[in-house]
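Chemist: One file is attached below, structure18.txt, containing compact mmCIF, C-alpha atoms.
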# COMPACT_ATOMS: atom_id res chain seq x y z
CA MET A 1 135.83 74.61 75.36
CA LYS A 2 134.75 70.98 75.03
CA PHE A 3 136.16 68.46 72.55
CA LEU A 4 134.58 65.52 70.77
CA ALA A 5 136.08 62.73 68.69
CA ILE A 6 133.69 61.73 65.91
CA THR A 7 133.44 58.96 63.35
CA LEU A 8 131.04 58.47 60.44
CA ILE A 9 132.33 54.87 60.20
CA VAL A 10 133.48 55.17 56.62
CA HIS A 11 134.23 51.69 55.26
CA ALA A 12 136.57 52.30 52.37
CA PRO A 13 140.15 51.39 51.44
CA ASP A 14 142.80 53.16 53.47
CA PRO A 15 143.63 56.33 51.48
CA VAL A 16 147.37 55.57 51.69
CA THR A 17 147.75 51.77 51.72
CA GLY A 18 144.64 50.90 49.73
CA VAL A 19 143.79 48.13 52.22
CA LEU A 20 140.11 47.59 53.02
CA LYS A 21 139.61 46.26 56.54
CA PRO A 22 136.97 43.58 57.14
CA THR A 23 133.70 45.01 58.44
CA HIS A 24 134.17 43.31 61.81
CA ASP A 25 137.61 44.87 62.23
CA ARG A 26 136.30 48.31 61.26
CA PHE A 27 133.67 48.17 64.01
CA ARG A 28 136.29 46.96 66.47
CA GLU A 29 138.44 49.94 65.52
CA VAL A 30 135.59 52.35 66.28
CA ILE A 31 135.06 50.84 69.72
CA ASP A 32 138.78 50.94 70.51
CA ASN A 33 138.98 54.57 69.40
CA ALA A 34 136.09 55.51 71.70
CA VAL A 35 137.73 53.88 74.71
CA PHE A 36 141.02 55.60 73.85
CA ALA A 37 139.25 58.98 73.50
CA GLU A 38 137.92 58.66 77.03
CA GLU A 39 141.30 57.56 78.38
CA ILE A 40 143.13 60.63 77.06
CA GLY A 41 140.52 63.18 78.09
CA PHE A 42 138.04 63.86 75.29
CA ASP A 43 134.67 65.13 76.50
CA GLY A 44 132.51 63.29 73.98
CA PHE A 45 132.52 60.62 71.29
CA GLY A 46 130.18 60.79 68.30
CA VAL A 47 128.94 58.18 65.84
CA GLY A 48 127.33 59.21 62.57
CA GLU A 49 124.28 57.76 60.85
CA ARG A 50 124.34 56.98 57.14
CA HIS A 51 122.44 54.45 55.07
CA GLU A 52 124.55 54.29 51.93
CA ARG A 53 128.06 53.53 50.69
CA PRO A 54 130.80 53.93 51.83
CA PHE A 55 129.40 54.07 55.39
CA ILE A 56 128.47 51.29 57.81
CA SER A 57 127.01 53.62 60.44
CA SER A 58 123.39 52.61 59.89
CA SER A 59 122.77 51.77 63.57
CA PRO A 60 124.36 54.32 65.92
CA PRO A 61 122.25 53.32 68.97
CA VAL A 62 123.77 49.83 68.83
CA VAL A 63 127.33 51.09 68.44
CA LEU A 64 126.92 53.72 71.16
CA SER A 65 125.37 51.17 73.54
CA HIS A 66 128.47 49.01 73.19
CA ILE A 67 130.68 52.03 73.81
CA ALA A 68 128.57 52.94 76.85
CA ALA A 69 129.27 49.54 78.36
CA LEU A 70 133.05 50.04 78.03
CA THR A 71 133.27 53.65 79.23
CA SER A 72 132.10 55.59 82.26
CA ARG A 73 132.65 59.31 81.73
CA ILE A 74 132.66 60.39 78.11
CA ARG A 75 129.41 61.76 76.67
CA LEU A 76 127.95 59.90 73.70
CA PHE A 77 126.83 61.85 70.63
CA THR A 78 125.00 60.99 67.44
CA ALA A 79 126.44 62.74 64.40
CA VAL A 80 123.82 62.99 63.10
CA THR A 81 120.54 61.19 63.82
CA THR A 82 118.72 61.41 60.49
CA LEU A 83 115.23 62.09 61.78
CA SER A 84 113.91 62.86 58.31
CA LEU A 85 114.35 59.14 57.52
CA LEU A 86 113.18 57.66 60.81
CA ASP A 87 109.94 56.96 62.63
CA PRO A 88 110.25 59.32 65.61
CA VAL A 89 108.49 56.82 67.89
CA ARG A 90 111.01 54.10 67.10
CA ALA A 91 113.89 56.57 67.33
CA TYR A 92 112.69 57.64 70.76
CA GLU A 93 112.54 54.02 71.97
CA ASP A 94 116.11 53.33 70.83
CA TYR A 95 117.60 56.48 72.30
CA ALA A 96 115.67 56.46 75.57
CA THR A 97 116.96 52.92 76.11
CA LEU A 98 120.51 53.99 75.27
CA ASP A 99 120.20 56.94 77.62
CA HIS A 100 119.34 54.63 80.51
CA LEU A 101 122.14 52.20 79.67
CA SER A 102 124.69 55.05 79.54
CA ASP A 103 123.51 56.64 82.82
CA GLY A 104 122.39 59.78 81.03
CA ARG A 105 125.48 60.41 78.93
CA LEU A 106 123.59 60.81 75.65
CA ASP A 107 123.47 63.94 73.48
CA LEU A 108 121.73 63.87 70.11
CA ILE A 109 122.75 65.81 67.04
CA ILE A 110 119.86 65.60 64.59
CA GLY A 111 119.62 66.44 60.90
CA LYS A 112 117.76 65.60 57.75
CA GLY A 113 120.63 63.51 56.40
CA ASN A 114 121.71 63.63 52.79
CA GLY A 115 122.51 61.39 49.86
CA THR A 116 120.26 60.13 47.09
CA ALA A 117 120.70 56.44 47.90
CA GLN A 118 119.52 56.71 51.49
CA ARG A 119 116.60 58.96 50.55
CA GLU A 120 115.48 56.37 48.02
CA LEU A 121 115.94 53.57 50.55
CA PHE A 122 113.45 55.27 52.89
CA GLN A 123 111.28 56.79 50.12
CA VAL A 124 112.00 60.35 51.18
CA THR A 125 112.01 63.04 48.50
CA PRO A 126 114.06 66.24 48.27
CA GLU A 127 110.76 68.12 48.38
CA ASP A 128 109.50 66.67 51.67
CA GLN A 129 112.73 66.01 53.57
CA TRP A 130 112.66 69.28 55.52
CA GLU A 131 109.02 68.83 56.54
CA ARG A 132 109.79 65.28 57.63
CA ASN A 133 112.76 66.46 59.67
CA ALA A 134 110.76 69.16 61.47
CA GLU A 135 107.73 66.94 62.06
CA SER A 136 109.83 64.04 63.34
CA TYR A 137 111.71 66.30 65.72
CA GLU A 138 108.59 67.98 67.06
CA LEU A 139 107.00 64.58 67.74
CA PHE A 140 110.23 63.13 69.16
CA ARG A 141 110.61 65.97 71.66
CA ARG A 142 106.94 65.68 72.73
CA ILE A 143 107.32 61.95 73.38
CA TRP A 144 110.45 62.62 75.44
CA ARG A 145 108.62 65.18 77.59
CA GLN A 146 105.05 63.84 77.81
CA ASP A 147 103.84 60.56 79.27
CA LYS A 148 100.99 60.36 76.76
CA VAL A 149 100.96 61.87 73.28
CA THR A 150 98.11 62.55 70.89
CA ALA A 151 99.12 63.75 67.43
CA GLU A 152 98.09 63.59 63.78
CA PRO A 153 101.42 63.74 61.93
CA ARG A 154 101.58 63.77 58.17
CA PHE A 155 104.34 61.22 57.68
CA ARG A 156 103.42 58.46 60.16
CA PRO A 157 100.19 57.03 61.65
CA GLU A 158 98.40 59.17 64.21
CA LEU A 159 98.86 58.71 67.95
CA THR A 160 96.02 58.72 70.47
CA ALA A 161 97.03 59.01 74.11
CA ALA A 162 100.04 56.91 73.14
CA GLU A 163 102.47 55.77 75.83
CA VAL A 164 105.97 55.09 74.56
CA TRP A 165 108.36 53.11 76.73
CA PRO A 166 110.78 53.25 78.41
CA ARG A 167 110.25 56.65 79.93
CA PRO A 168 113.42 58.72 79.70
CA TYR A 169 116.37 58.95 82.05
CA GLN A 170 117.45 62.48 81.10
CA GLN A 171 114.59 64.93 81.26
CA PRO A 172 115.03 65.96 78.58
CA VAL A 173 117.90 64.74 76.45
CA ARG A 174 119.95 67.58 74.95
CA VAL A 175 119.38 67.86 71.20
CA TRP A 176 121.75 69.72 68.88
CA HIS A 177 120.81 70.54 65.30
CA GLY A 178 123.40 69.62 62.71
CA SER A 179 123.69 72.15 59.91
CA ALA A 180 125.78 72.07 56.77
CA THR A 181 124.18 74.37 54.22
CA SER A 182 120.53 74.93 55.11
CA ARG A 183 118.66 77.68 56.88
CA GLU A 184 115.80 75.28 57.66
CA SER A 185 117.76 73.32 60.25
CA VAL A 186 119.21 76.54 61.69
CA ASP A 187 115.75 78.05 62.14
CA LEU A 188 114.45 74.85 63.76
CA ALA A 189 117.28 74.96 66.31
CA ALA A 190 116.69 78.62 67.11
CA ARG A 191 112.92 78.17 67.37
CA TYR A 192 113.23 75.58 70.12
CA GLY A 193 116.22 77.17 71.86
CA ASP A 194 118.50 74.25 71.00
CA PRO A 195 122.27 74.32 70.34
CA LEU A 196 123.60 74.27 66.77
CA PHE A 197 126.41 72.10 65.42
CA SER A 198 127.97 73.40 62.22
CA ALA A 199 129.34 70.66 59.93
CA ASN A 200 132.13 73.00 58.80
CA VAL A 201 133.99 70.31 56.85
CA THR A 202 133.43 70.67 53.10
CA ASN A 203 133.83 74.35 52.24
CA PRO A 204 135.81 77.39 53.39
CA ILE A 205 134.50 79.19 56.44
CA GLU A 206 132.19 81.75 54.79
CA PRO A 207 128.96 79.75 54.24
CA TYR A 208 129.18 78.20 57.70
CA ALA A 209 129.83 81.53 59.37
CA GLU A 210 126.82 82.98 57.55
CA LEU A 211 124.59 80.22 58.92
CA VAL A 212 125.92 80.73 62.44
CA ARG A 213 125.10 84.44 62.19
CA TYR A 214 121.63 83.54 60.94
CA TYR A 215 121.20 81.17 63.89
CA ARG A 216 121.98 83.96 66.33
CA GLU A 217 119.59 86.31 64.50
CA ARG A 218 116.76 83.76 64.63
CA TRP A 219 117.63 82.97 68.25
CA ALA A 220 116.99 86.62 69.14
CA HIS A 221 113.88 86.67 66.92
CA TYR A 222 112.35 83.86 68.98
CA GLY A 223 113.05 85.75 72.19
CA HIS A 224 115.84 83.66 73.69
CA ASP A 225 118.67 84.97 75.87
CA SER A 226 121.66 85.58 73.57
CA ALA A 227 124.05 84.31 76.26
CA GLN A 228 122.44 80.86 76.02
CA ALA A 229 123.01 80.36 72.26
CA VAL A 230 125.50 77.51 71.82
CA VAL A 231 127.44 76.56 68.69
CA GLY A 232 129.64 73.55 68.00
CA ALA A 233 131.83 73.15 64.93
CA GLY A 234 133.47 70.33 63.03
CA THR A 235 136.89 70.08 61.43
CA ALA A 236 137.83 68.73 58.02
CA GLY A 237 140.90 66.90 59.30
CA TYR A 238 143.42 66.89 62.10
CA TYR A 239 147.08 66.11 62.49
CA ALA A 240 149.46 67.93 64.82
CA ALA A 241 153.19 67.35 65.20
CA ARG A 242 155.97 69.23 66.95
CA THR A 243 156.75 71.18 63.77
CA SER A 244 154.60 72.29 60.88
CA GLN A 245 157.02 70.68 58.42
CA GLU A 246 156.60 67.30 60.09
CA ALA A 247 152.81 67.64 60.15
CA ILE A 248 152.56 68.61 56.46
CA ALA A 249 154.89 65.81 55.37
CA ALA A 250 152.91 63.19 57.30
CA TYR A 251 149.52 64.42 56.09
CA ARG A 252 150.38 64.86 52.41
CA PRO A 253 149.86 61.19 51.38
CA VAL A 254 146.58 61.16 53.34
CA PHE A 255 145.31 64.22 51.50
CA GLU A 256 146.38 62.86 48.11
CA GLY A 257 144.67 59.55 48.84
CA GLN A 258 141.47 61.28 49.89
CA LEU A 259 141.60 63.46 46.79
CA ALA A 260 141.89 60.39 44.57
CA PHE A 261 138.98 58.75 46.42
CA GLN A 262 136.75 61.79 45.85
CA LYS A 263 137.57 61.75 42.15
CA ARG A 264 136.71 58.03 41.92
CA LEU A 265 133.33 58.85 43.43
CA GLY A 266 132.83 61.54 40.80
CA LEU A 267 133.04 64.37 43.32
CA GLU A 268 134.63 67.70 42.42
CA PRO A 269 137.17 68.55 45.14
CA VAL A 270 136.80 71.94 46.80
CA PHE A 271 140.49 72.02 47.75
CA THR A 272 142.81 70.66 45.09
CA THR A 273 146.15 71.03 46.90
CA LEU A 274 147.21 70.25 50.44
CA GLU A 275 148.45 73.80 50.89
CA ASP A 276 145.03 75.20 49.97
CA PHE A 277 143.35 72.63 52.21
CA VAL A 278 145.49 73.63 55.20
CA GLU A 279 145.01 77.35 54.53
CA ARG A 280 141.31 77.66 53.67
CA SER A 281 139.54 74.60 55.10
CA SER A 282 138.75 73.93 58.75
CA ALA A 283 141.45 71.22 58.87
CA LEU A 284 143.82 71.56 61.82
CA ILE A 285 147.19 70.50 60.45
CA GLY A 286 150.46 71.87 61.80
CA SER A 287 152.28 72.54 65.03
CA PRO A 288 150.34 72.89 68.31
CA GLN A 289 150.56 76.68 68.12
CA GLN A 290 149.28 76.70 64.53
CA VAL A 291 146.31 74.56 65.55
CA ILE A 292 145.57 76.85 68.50
CA ASP A 293 145.76 79.94 66.30
CA LYS A 294 143.42 78.46 63.69
CA VAL A 295 140.80 77.45 66.24
CA HIS A 296 140.91 81.02 67.55
CA ARG A 297 140.40 82.40 64.03
CA TYR A 298 137.34 80.22 63.56
CA HIS A 299 136.08 81.12 67.01
CA GLU A 300 136.11 84.80 66.02
CA GLN A 301 133.56 83.92 63.31
CA PHE A 302 131.54 81.20 65.08
CA GLY A 303 131.80 81.92 68.78
CA HIS A 304 131.73 78.15 69.22
CA SER A 305 132.37 76.36 72.50
CA VAL A 306 132.51 72.74 71.26
CA LEU A 307 134.88 71.35 68.63
CA HIS A 308 135.10 67.92 67.04
CA LEU A 309 138.10 66.07 65.66
CA GLN A 310 138.14 62.92 63.57
CA ALA A 311 138.38 59.78 65.66
CA ASP A 312 139.68 57.69 62.73
CA ALA A 313 143.31 57.39 61.65
CA SER A 314 142.25 57.71 57.98
CA GLY A 315 145.60 56.94 56.40
CA LEU A 316 147.84 58.20 59.17
CA GLY A 317 148.20 54.82 60.83
CA ASP A 318 146.99 54.09 64.35
CA ALA A 319 150.23 54.87 66.18
CA ARG A 320 150.79 58.23 64.49
CA HIS A 321 147.14 59.24 64.80
CA ARG A 322 146.97 58.37 68.48
CA ALA A 323 150.21 60.20 69.19
CA SER A 324 148.71 63.25 67.51
CA LEU A 325 145.52 63.02 69.61
CA GLU A 326 147.66 62.73 72.74
CA LEU A 327 149.56 65.84 71.63
CA PHE A 328 146.22 67.60 71.21
CA GLN A 329 145.23 66.77 74.77
CA SER A 330 148.64 67.64 76.28
CA ASP A 331 149.57 70.82 74.36
CA ILE A 332 146.50 72.17 72.55
CA ALA A 333 143.35 71.42 74.54
CA PRO A 334 144.56 73.02 77.80
CA VAL A 335 145.19 76.34 76.04
CA LEU A 336 141.84 76.29 74.25
CA ARG A 337 140.01 75.28 77.43
CA ARG A 338 141.60 78.28 79.15
CA ASP A 339 140.93 80.75 76.34
CA ILE A 340 137.45 79.72 75.13
CA PRO A 341 134.50 79.26 77.52
CA ASP A 342 132.56 76.02 77.89
CA PRO A 343 128.90 75.90 76.83
CA PRO A 344 126.62 77.62 79.38
CA PHE A 345 125.07 74.34 80.51
CA PRO A 346 126.40 71.47 82.64
CA TRP A 347 128.26 68.70 80.80
CA ALA A 348 126.37 66.15 82.87
CA PRO A 349 123.11 64.19 82.76
CA VAL A 350 120.06 66.44 82.49
CA LEU A 351 118.01 65.10 85.38
CA ALA A 352 114.72 66.41 86.72
CA ALA A 353 113.16 65.76 90.12
CA PRO A 354 112.66 62.08 90.92
CA ARG A 355 109.74 60.55 89.05
CA PRO A 356 107.14 58.27 90.60
CA ALA A 357 107.57 54.56 89.98
CA ASP A 358 106.72 53.48 86.45
CA PHE A 359 104.28 50.89 87.79
Written as structure tokens, that's how I'd like the structure from this file.
Modeler:
Amino acid sequence: MKFLAITLIVHAPDPVTGVLKPTHDRFREVIDNAVFAEEIGFDGFGVGERHERPFISSSPPVVLSHIAALTSRIRLFTAVTTLSLLDPVRAYEDYATLDHLSDGRLDLIIGKGNGTAQRELFQVTPEDQWERNAESYELFRRIWRQDKVTAEPRFRPELTAAEVWPRPYQQPVRVWHGSATSRESVDLAARYGDPLFSANVTNPIEPYAELVRYYRERWAHYGHDSAQAVVGAGTAGYYAARTSQEAIAAYRPVFEGQLAFQKRLGLEPVFTTLEDFVERSSALIGSPQQVIDKVHRYHEQFGHSVLHLQADASGLGDARHRASLELFQSDIAPVLRRDIPDPPFPWAPVLAAPRPADF
């Protein structure tokens, strides 16, 4: 099993202290967390993309490029690239450049994105967002694979023997499809034989497990080898300590602060008590053995081979959060790596035969 640390770069008051860090400090924290994730053995680091409050993750290629310059091994993920909002030509240019600068360490997780404010910012409607997502992805993947592209898309100007530079480093880049609640994104992933990444953070396991089953059904429908279907899954929170009592006590003020924040935003919480959150959500809170057991329970439903944890301290404080991540790598990850297989593809740059010189 492979493990990612992921941030959506939420810029909001600390759920426990109420302190709002300056924007500059928040970005610095993200960079430091990525470097730390590589140091302690995480396989990937992901940066989200959002274009509305309370996020400042509007430019993941820039953030990931800075991380690429400070790291050498860890793979760099987007979580997710909101292709329904973006010009696929411009998105290709940004990510092909990043892929070169990172020596082929880039993986993309794409999705339509969500949120009324960011849809309005880009003039995308609920009615056309799925068509935009599919069209943008189909054009993006053609540009990555073809030196010249001719196309008449619906949502951007047509292309006639268009050359888009730079040409890619990875051939092709690996693209995962992020899925929270929709069959459309699941079907798109299965159609192209791409891996699926289940959000798995808001609700109990059932709706996510249903979508994973649907993905495998559609995978077979499109004629792909069932052994090559790959699923990743998120987690709603993480904190491990030597005992479950210690973990619950440390996480309780974090949960209560997050609950209050959701209510201020006018959101109806799915889990109203910490005990319910620990029991029925995907959050991994408890002793190392409890975390291991819960990942196994989810694996029985998902069959996933990649798991993400939150990179941000989010109320725990940096020292406590980092100690918990170190405990994950020392006591939890080795067991899960032994028990659960890796994805059936190399965790390395996807390189083809040498290309002729660009000029």
Chemist: List the spatial neighbours of range 144-160 of chain A as a list in words - criterion: any atom at most 8 Å away, only C-alpha atoms, same-chain residues fewer than 6 positions off excluded.
Modeler: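 Skipping anything fewer than 6 positions along the chain leaves Asp87, Tyr92, Arg132, Glu135, Arg167, Pro168, Gln171, Pro172 and Val173 of chain A.
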Chemist: I need the residues from that last selection saved to file as a tab-separated table (two decimals), in the frame of the given file (with C-alpha atoms), if you can.
Modeler:
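Now in out_4.tsv:
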chain	number	residue	atom	x	y	z
A	87	ASP	CA	109.94	56.96	62.63
A	92	TYR	CA	112.69	57.64	70.76
A	132	ARG	CA	109.79	65.28	57.63
A	135	GLU	CA	107.73	66.94	62.06
A	167	ARG	CA	110.25	56.65	79.93
A	168	PRO	CA	113.42	58.72	79.70
A	171	GLN	CA	114.59	64.93	81.26
A	172	PRO	CA	115.03	65.96	78.58
A	173	VAL	CA	117.90	64.74	76.45
Chemist: Which neighbours of Ile6 in chain A fall inside 9 Å, counting only C-alpha atoms, when residues of the same chain fewer than 4 positions from it are skipped, and could you give them as a PyMOL selection string?
Modeler: chain A and resi 34+44-48+77-79+308-312
Chemist: With distances taken over all atoms listed in the file, which residue among A:Gly234, A:Gly193, A:Gly223, A:Gly266 lies nearest Tyr298 in chain A?
Modeler: A:Gly234
Chemist: Considering all atoms listed in the file, state which residue in the set A:Ser324, A:Thr125, A:Ser287, A:Asn200 is at the smallest distance from Ser244 in chain A.
Modeler: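 The closest residue to Ser244 in chain A is A:Ser287.
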Chemist: As a PyMOL selection string, please: the residues near Ser57 in chain A (cut-off 12 Å, all atoms listed in the file, same-chain neighbours under 2 positions excluded).
Modeler: chain A and resi 6-11+23+26-27+30+46-55+59-64+78-82
Chemist: Pick from A:Gln329, A:Gln301, A:Ser282, A:Ser314: nearest to Leu20 in chain A, with only C-alpha atoms counted?
Modeler: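 Selected residue with least distance to Leu20 in chain A: A:Ser314.
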Chemist: Compile a residue-level contact table for range 110-219 of chain A against range 229-233 of chain A at a cut-off of 10 Å, reporting for every qualifying residue the shortest atom pair and its distance in Å to one decimal, with all atoms listed in the file counted, rows ordered by chain and ascending number, as a tab-separated table.
Modeler:
residue	atom	partner	partner_atom	distance
A:Trp176	CA	A:Gly232	CA	8.8
A:His177	CA	A:Val231	CA	9.6
A:Gly178	CA	A:Gly232	CA	9.1
A:Ser179	CA	A:Ala233	CA	9.6
A:Ala189	CA	A:Ala229	CA	9.9
A:Ala190	CA	A:Ala229	CA	8.3
A:Gly193	CA	A:Ala229	CA	7.5
A:Asp194	CA	A:Ala229	CA	7.7
A:Pro195	CA	A:Val230	CA	4.8
A:Leu196	CA	A:Val231	CA	4.9
A:Phe197	CA	A:Gly232	CA	4.4
A:Ser198	CA	A:Ala233	CA	4.7
A:Ala199	CA	A:Ala233	CA	6.1
A:Asn200	CA	A:Ala233	CA	6.1
A:Val201	CA	A:Ala233	CA	8.8
A:Tyr208	CA	A:Ala233	CA	9.2
A:Val212	CA	A:Val231	CA	7.7
A:Tyr215	CA	A:Ala229	CA	8.6
A:Arg216	CA	A:Ala229	CA	7.0
A:Trp219	CA	A:Ala229	CA	7.2
Chemist: Quick one: pull the distance between CA of Gln123 in chain A and CA of Leu106 in chain A, Å, one decimal.
Modeler: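 One can read the CA of Gln123 in chain A to CA of Leu106 in chain A distance as 28.6 Å.
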Chemist: Report, in Å to a single decimal, how far apart CA of Ser58 in chain A and CA of Arg141 in chain A are.
Modeler: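 Interatomic distance, CA of Arg141 in chain A to CA of Ser58 in chain A: 21.9 Å.
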Chemist: What is the CA of Leu83 in chain A-CA of Trp130 in chain A distance in Å, reported with one decimal?
Modeler: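 So the answer is 9.9 Å.
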Chemist: Can you work out which one of A:Val186, A:Ala37, A:Ile74, A:Met1 has the shortest atom-to-atom distance to Asp339 in chain A, counting only C-alpha atoms?
Modeler: A:Met1
Chemist: Considering all atoms listed in the file, state which residue in the set A:Arg73, A:Ala180, A:Glu138, A:Ser330 is at the smallest distance from Asn114 in chain A.
Modeler: A:Ala180
Chemist: Please determine, counting all atoms listed in the file, which residue among A:Ile248, A:Ala134, A:Val16, A:Ala313 has the shortest atom-to-atom distance to Phe277 in chain A.
Modeler: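 Among the listed residues, the smallest separation from Phe277 in chain A belongs to A:Ile248.
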Chemist: Give me the residues near Arg264 in chain A as a list in words, where near means some atom within 12 Å (using all atoms listed in the file) and where sequence neighbours in that chain fewer than 5 positions away do not count.
Modeler: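 Skipping anything fewer than 5 positions along the chain leaves Ala12, Pro15, Gly257, Gln258, Leu259 and Pro269 of chain A.
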Chemist: Edge lengths and centre in Å to one decimal, as JSON, of the axis-aligned box that encloses all listed atoms of range 114-119 of chain A with 3 Å added on every side?
Modeler:
{"center_x": 119.6, "center_y": 60.0, "center_z": 49.9, "size_x": 11.9, "size_y": 13.2, "size_z": 11.7}
Chemist: For Leu327 in chain A, list every protein, DNA or RNA residue within 10 Å, evaluated using all atoms listed in the file, and leave out those in the same chain fewer than 2 positions away; present the list as a PyMOL selection string.
Modeler: chain A and resi 40+239-242+287-288+321-325+329-333
Chemist: Some atoms are absent from range 11-32 of chain A, so rebuild N, CA and C atoms and return them as a PDB file, in the coordinates of the input.
Modeler:
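Saved to rebuild.pdb:
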ATOM      1  N   HIS A  11     133.637  53.000  55.531  1.00  0.00           N
ATOM      2  CA  HIS A  11     134.230  51.690  55.260  1.00  0.00           C
ATOM      3  C   HIS A  11     134.730  51.701  53.827  1.00  0.00           C
ATOM      4  N   ALA A  12     135.956  52.142  53.682  1.00  0.00           N
ATOM      5  CA  ALA A  12     136.570  52.300  52.370  1.00  0.00           C
ATOM      6  C   ALA A  12     138.048  51.937  52.492  1.00  0.00           C
ATOM      7  N   PRO A  13     138.713  51.687  51.374  1.00  0.00           N
ATOM      8  CA  PRO A  13     140.150  51.390  51.440  1.00  0.00           C
ATOM      9  C   PRO A  13     140.915  52.527  52.112  1.00  0.00           C
ATOM     10  N   ASP A  14     141.936  52.163  52.863  1.00  0.00           N
ATOM     11  CA  ASP A  14     142.800  53.160  53.470  1.00  0.00           C
ATOM     12  C   ASP A  14     143.339  54.080  52.379  1.00  0.00           C
ATOM     13  N   PRO A  15     143.235  55.417  52.553  1.00  0.00           N
ATOM     14  CA  PRO A  15     143.630  56.330  51.480  1.00  0.00           C
ATOM     15  C   PRO A  15     145.114  56.255  51.118  1.00  0.00           C
ATOM     16  N   VAL A  16     145.937  55.675  51.977  1.00  0.00           N
ATOM     17  CA  VAL A  16     147.370  55.570  51.690  1.00  0.00           C
ATOM     18  C   VAL A  16     147.752  54.170  51.260  1.00  0.00           C
ATOM     19  N   THR A  17     147.338  53.148  52.026  1.00  0.00           N
ATOM     20  CA  THR A  17     147.750  51.770  51.720  1.00  0.00           C
ATOM     21  C   THR A  17     146.834  51.072  50.729  1.00  0.00           C
ATOM     22  N   GLY A  18     145.601  51.553  50.607  1.00  0.00           N
ATOM     23  CA  GLY A  18     144.640  50.900  49.730  1.00  0.00           C
ATOM     24  C   GLY A  18     144.004  49.662  50.326  1.00  0.00           C
ATOM     25  N   VAL A  19     144.323  49.337  51.573  1.00  0.00           N
ATOM     26  CA  VAL A  19     143.790  48.130  52.220  1.00  0.00           C
ATOM     27  C   VAL A  19     142.399  48.411  52.769  1.00  0.00           C
ATOM     28  N   LEU A  20     141.461  47.494  52.486  1.00  0.00           N
ATOM     29  CA  LEU A  20     140.110  47.590  53.020  1.00  0.00           C
ATOM     30  C   LEU A  20     139.976  46.608  54.178  1.00  0.00           C
ATOM     31  N   LYS A  21     139.746  47.129  55.370  1.00  0.00           N
ATOM     32  CA  LYS A  21     139.610  46.260  56.540  1.00  0.00           C
ATOM     33  C   LYS A  21     138.289  45.499  56.476  1.00  0.00           C
ATOM     34  N   PRO A  22     138.253  44.285  57.010  1.00  0.00           N
ATOM     35  CA  PRO A  22     136.970  43.580  57.140  1.00  0.00           C
ATOM     36  C   PRO A  22     135.998  44.401  57.983  1.00  0.00           C
ATOM     37  N   THR A  23     134.711  44.249  57.711  1.00  0.00           N
ATOM     38  CA  THR A  23     133.700  45.010  58.440  1.00  0.00           C
ATOM     39  C   THR A  23     133.830  44.820  59.942  1.00  0.00           C
ATOM     40  N   HIS A  24     134.038  43.592  60.384  1.00  0.00           N
ATOM     41  CA  HIS A  24     134.170  43.310  61.810  1.00  0.00           C
ATOM     42  C   HIS A  24     135.322  44.108  62.418  1.00  0.00           C
ATOM     43  N   ASP A  25     136.451  44.141  61.726  1.00  0.00           N
ATOM     44  CA  ASP A  25     137.610  44.870  62.230  1.00  0.00           C
ATOM     45  C   ASP A  25     137.361  46.371  62.267  1.00  0.00           C
ATOM     46  N   ARG A  26     136.601  46.867  61.291  1.00  0.00           N
ATOM     47  CA  ARG A  26     136.300  48.310  61.260  1.00  0.00           C
ATOM     48  C   ARG A  26     135.454  48.697  62.477  1.00  0.00           C
ATOM     49  N   PHE A  27     134.459  47.876  62.810  1.00  0.00           N
ATOM     50  CA  PHE A  27     133.670  48.170  64.010  1.00  0.00           C
ATOM     51  C   PHE A  27     134.533  48.083  65.266  1.00  0.00           C
ATOM     52  N   ARG A  28     135.409  47.100  65.321  1.00  0.00           N
ATOM     53  CA  ARG A  28     136.290  46.960  66.470  1.00  0.00           C
ATOM     54  C   ARG A  28     137.174  48.194  66.628  1.00  0.00           C
ATOM     55  N   GLU A  29     137.618  48.744  65.510  1.00  0.00           N
ATOM     56  CA  GLU A  29     138.440  49.940  65.520  1.00  0.00           C
ATOM     57  C   GLU A  29     137.676  51.121  66.118  1.00  0.00           C
ATOM     58  N   VAL A  30     136.409  51.259  65.747  1.00  0.00           N
ATOM     59  CA  VAL A  30     135.590  52.350  66.280  1.00  0.00           C
ATOM     60  C   VAL A  30     135.474  52.233  67.797  1.00  0.00           C
ATOM     61  N   ILE A  31     135.200  51.039  68.279  1.00  0.00           N
ATOM     62  CA  ILE A  31     135.060  50.840  69.720  1.00  0.00           C
ATOM     63  C   ILE A  31     136.376  51.165  70.439  1.00  0.00           C
ATOM     64  N   ASP A  32     137.479  50.670  69.901  1.00  0.00           N
ATOM     65  CA  ASP A  32     138.780  50.940  70.510  1.00  0.00           C
ATOM     66  C   ASP A  32     139.093  52.430  70.535  1.00  0.00           C
TER      67      ASP A  32
END
